[in-house]
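K.L.:
One structure, pasted below without further comment.
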Amino acid sequence: MLEIKNLHARIAEDETEILRGIDLTVKPGEMHAIMGPNGSGKSTLSYILAGKDDYEVTEGEILFNGENMLEMEPDERAAAGMFLAFQYPIEIPGVATMEFLKTAMNAQRKARGEAALSIPDFMKRVKEAAGHLNVSMDMLKRPLNVGFSGGEKKRAEILQMSLLEPKLCVLDETDSGLDIDALRIVADGVNKLRSPDRAMVVITHYQRLLDYIVPDVVHVLSRGRIVKTGGKELAVELEKNGYADYIDTAA
Ligand code: ADP
Ligand code: MG
Ligand code: MG
């Protein structure tokens, strides 16, 4: 589903390479975790997958269901079924969260050649998904992410994700700033979305999230390269011993 080959990237207009040759293959049904110390390039990778234009790919390729993803605009990537939950979700002033969700869902449906949802159908789906994630009606009436607490932002992200039914979900530091109850709610929401035809990549600095979202494969990112790949036991080992054993010292 997702194939990253020898990906090198930098911030546009900056010579310093941040990603220095990443290879990653994620198949349908799999849950991959990407772990790594601060500054290793985790968020950079998620921004590049999102198509954020301040980043520049200098070498390598990214295929999404066999298609060259680097040639797709961010909205085309979303329409093709990719969803990214960012470490710092953006605020959208002036648009009620509910309205935002409706627009996003109907855009997604249009891209799939499906008719727009009726208002009652839409309300039913939103209420059901919001209920599972402990998202209140009051929150849905407020502008998306504006004045939301850290936990509310993350729950709103997972709400969007569950309503859009993406094929590939990438979650960047979804656990940061969450207390244990919010973490459980978010993890339950993610786990509900696990399915044989959906692939997921969770990016996290801490092992804690992986107690709740159990990955099939764990990768360690260090200085822009994947330096180690293993099973879920690798996350446990990292929690115990830290990242010191995996610092990439190659130039
Ligand atoms: P992580 O998410 O693993 O903490 P990032 O992808 O945020 O890592 O950052 C990787 C490296 O790129 C860091 O050295 C960081 O300082 C640098 N970096 C990221 N974004 C920018 C930016 N907009 N301008 C300059 N440097 C950046
Ligand atoms: Mg960071
Ligand atoms: Mg980050």
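Residue numbering restarts at 1 in every chain; chains get A, B, ... in the order shown in the structure tokens, and ligands count up from 1 in that same order.
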Please tabulate, as a tab-separated table, the residues of stretch 45-157 of chain A that come within 12 Å of stretch 190-195 of chain A, each with its closest pair of atoms and the distance in Å to one decimal, counting only C-alpha atoms and ordering rows by chain, then residue number upward.
P.N.:
residue	atom	partner	partner_atom	distance
A:Ala85	CA	A:Val190	CA	11.3
A:Ala129	CA	A:Lys192	CA	10.6
A:His132	CA	A:Lys192	CA	9.9
A:Leu133	CA	A:Val190	CA	10.1
A:Lys154	CA	A:Val190	CA	11.2
A:Arg155	CA	A:Val190	CA	10.2
A:Glu157	CA	A:Val190	CA	10.5
K.L.:
Got a sec: who's within 9 Å of A:His8, counting only C-alpha atoms, leaving out chain neighbours fewer than 5 positions off, as JSON, numbers by chain?
P.N.:
{"A": [17, 18, 19, 20, 21, 22, 56, 57, 58, 59, 60, 61, 224]}
K.L.:
Nearest residue to ligand 2 out of A:Ile48, A:Met200, A:Leu101, A:Met35, using only C-alpha atoms and all ligand atoms?
P.N.:
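Going through A:Ile48, A:Met200, A:Leu101, A:Met35 one by one, the smallest distance to ligand 2 is for A:Met35.
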K.L.:
How would you report the residues lying within 7 Å of ligand 2, as a PyMOL selection string, if you count only C-alpha atoms and all ligand atoms?
P.N.:
chain A and resi 38-39+43
K.L.:
Can I get the selected residues back with N, CA and C atoms, as a CSV table (one decimal), in the first residue's frame?
P.N.:
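That gives us part-v1.csv:
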chain,number,residue,atom,x,y,z
A,38,ASN,N,14.0,12.8,19.6
A,38,ASN,CA,13.6,14.1,19.1
A,38,ASN,C,14.6,14.5,18.0
A,39,GLY,N,14.0,15.1,17.0
A,39,GLY,CA,14.9,15.6,15.9
A,39,GLY,C,15.3,14.6,14.9
A,43,SER,N,8.6,13.9,12.2
A,43,SER,CA,7.5,14.8,11.7
A,43,SER,C,7.8,15.2,10.3
K.L.:
Wanna dump the chain A-ligand 3 contacts at 10 Å for me, each residue with its shortest atom pair and the distance in Å to one decimal, counting only C-alpha atoms and all ligand atoms, ordered by chain and number, as JSON lines?
P.N.:
{"residue": "A:Gly36", "atom": "CA", "partner": "ligand 3", "partner_atom_place_in_ligand_line": "1 (Mg)", "distance": 9.3}
{"residue": "A:Pro37", "atom": "CA", "partner": "ligand 3", "partner_atom_place_in_ligand_line": "1 (Mg)", "distance": 9.1}
{"residue": "A:Asn38", "atom": "CA", "partner": "ligand 3", "partner_atom_place_in_ligand_line": "1 (Mg)", "distance": 6.8}
{"residue": "A:Gly39", "atom": "CA", "partner": "ligand 3", "partner_atom_place_in_ligand_line": "1 (Mg)", "distance": 7.0}
{"residue": "A:Ser40", "atom": "CA", "partner": "ligand 3", "partner_atom_place_in_ligand_line": "1 (Mg)", "distance": 8.2}
{"residue": "A:Gly41", "atom": "CA", "partner": "ligand 3", "partner_atom_place_in_ligand_line": "1 (Mg)", "distance": 7.0}
{"residue": "A:Lys42", "atom": "CA", "partner": "ligand 3", "partner_atom_place_in_ligand_line": "1 (Mg)", "distance": 5.2}
{"residue": "A:Ser43", "atom": "CA", "partner": "ligand 3", "partner_atom_place_in_ligand_line": "1 (Mg)", "distance": 3.9}
{"residue": "A:Thr44", "atom": "CA", "partner": "ligand 3", "partner_atom_place_in_ligand_line": "1 (Mg)", "distance": 7.2}
{"residue": "A:Leu45", "atom": "CA", "partner": "ligand 3", "partner_atom_place_in_ligand_line": "1 (Mg)", "distance": 9.0}
{"residue": "A:Ser46", "atom": "CA", "partner": "ligand 3", "partner_atom_place_in_ligand_line": "1 (Mg)", "distance": 8.6}
{"residue": "A:Tyr47", "atom": "CA", "partner": "ligand 3", "partner_atom_place_in_ligand_line": "1 (Mg)", "distance": 9.7}
{"residue": "A:Phe86", "atom": "CA", "partner": "ligand 3", "partner_atom_place_in_ligand_line": "1 (Mg)", "distance": 8.8}
{"residue": "A:Gln87", "atom": "CA", "partner": "ligand 3", "partner_atom_place_in_ligand_line": "1 (Mg)", "distance": 6.4}
{"residue": "A:Tyr88", "atom": "CA", "partner": "ligand 3", "partner_atom_place_in_ligand_line": "1 (Mg)", "distance": 8.9}
{"residue": "A:Asp172", "atom": "CA", "partner": "ligand 3", "partner_atom_place_in_ligand_line": "1 (Mg)", "distance": 6.8}
{"residue": "A:Glu173", "atom": "CA", "partner": "ligand 3", "partner_atom_place_in_ligand_line": "1 (Mg)", "distance": 6.6}
{"residue": "A:Ser176", "atom": "CA", "partner": "ligand 3", "partner_atom_place_in_ligand_line": "1 (Mg)", "distance": 9.7}
{"residue": "A:Ile203", "atom": "CA", "partner": "ligand 3", "partner_atom_place_in_ligand_line": "1 (Mg)", "distance": 8.2}
{"residue": "A:Thr204", "atom": "CA", "partner": "ligand 3", "partner_atom_place_in_ligand_line": "1 (Mg)", "distance": 8.0}
{"residue": "A:His205", "atom": "CA", "partner": "ligand 3", "partner_atom_place_in_ligand_line": "1 (Mg)", "distance": 8.1}
K.L.:
Can you tell me, as an MDAnalysis selection string, what residues are no more than 10 Å from A:Pro93 when counting only C-alpha atoms, ignoring any on the same chain fewer than 5 positions away?
P.N.:
chainID A and resid 142:147
K.L.:
List the spatial neighbours of A:Ala80 as a list of chain:residue names - criterion: any atom at most 12 Å away, only C-alpha atoms, same-chain residues fewer than 6 positions off excluded.
P.N.:
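Near A:Ala80, the qualifying residues are A:Met1, A:Leu63, A:Phe64, A:Asn65, A:Gly66, A:Glu67, A:Asn68, A:Met69, A:Met72, A:Glu73, A:Pro74, A:Ala107, A:Gln108, A:Arg109, A:Lys110, A:Ala111, A:Arg112, A:Gly113, A:Leu164, A:Glu165, A:Pro166, A:Lys167, A:Leu168, A:Cys169.
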K.L.:
Would you mind writing down, as a PyMOL selection string, each residue of stretch 1-223 of chain A that DSSP on the backbone assigns to helix (DSSP H, G or I)?
P.N.:
chain A and resi 42-50+69-71+74-79+97-111+119-132+137-141+150-164+180-193+208-211
K.L.:
Which residue, A:Ala9, A:Leu140, A:Val95, A:Leu2, has the smallest gap to ligand 1 when you use only C-alpha atoms and all ligand atoms?
P.N.:
A:Ala9
K.L.:
Let's see if you can do this: from backbone DSSP, list all strand (DSSP E or B) residues in stretch 192-245 of chain A, as a list in words.
P.N.:
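The strand (DSSP E or B) residues within stretch 192-245 of chain A come out as Ala199, Met200, Val201, Val202, Ile203, Thr204, Val217, Val218, His219, Val220, Leu221, Ser222, Arg225, Ile226, Val227, Lys228, Thr229 and Gly230 of chain A.
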K.L.:
Between A:Pro120, A:Gly177, A:Pro89, A:Gly29, which has the minimum distance to A:Leu209 (counting only C-alpha atoms)?
P.N.:
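Using only C-alpha atoms, the shortest distance to A:Leu209 belongs to A:Gly177.
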K.L.:
Given only C-alpha atoms and all ligand atoms as the basis, pick out the residue of A:Lys124, A:Arg77, A:Lys153, A:Arg10 nearest to ligand 1.
P.N.:
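Residue with the minimum atom-to-atom distance to ligand 1: A:Arg10.
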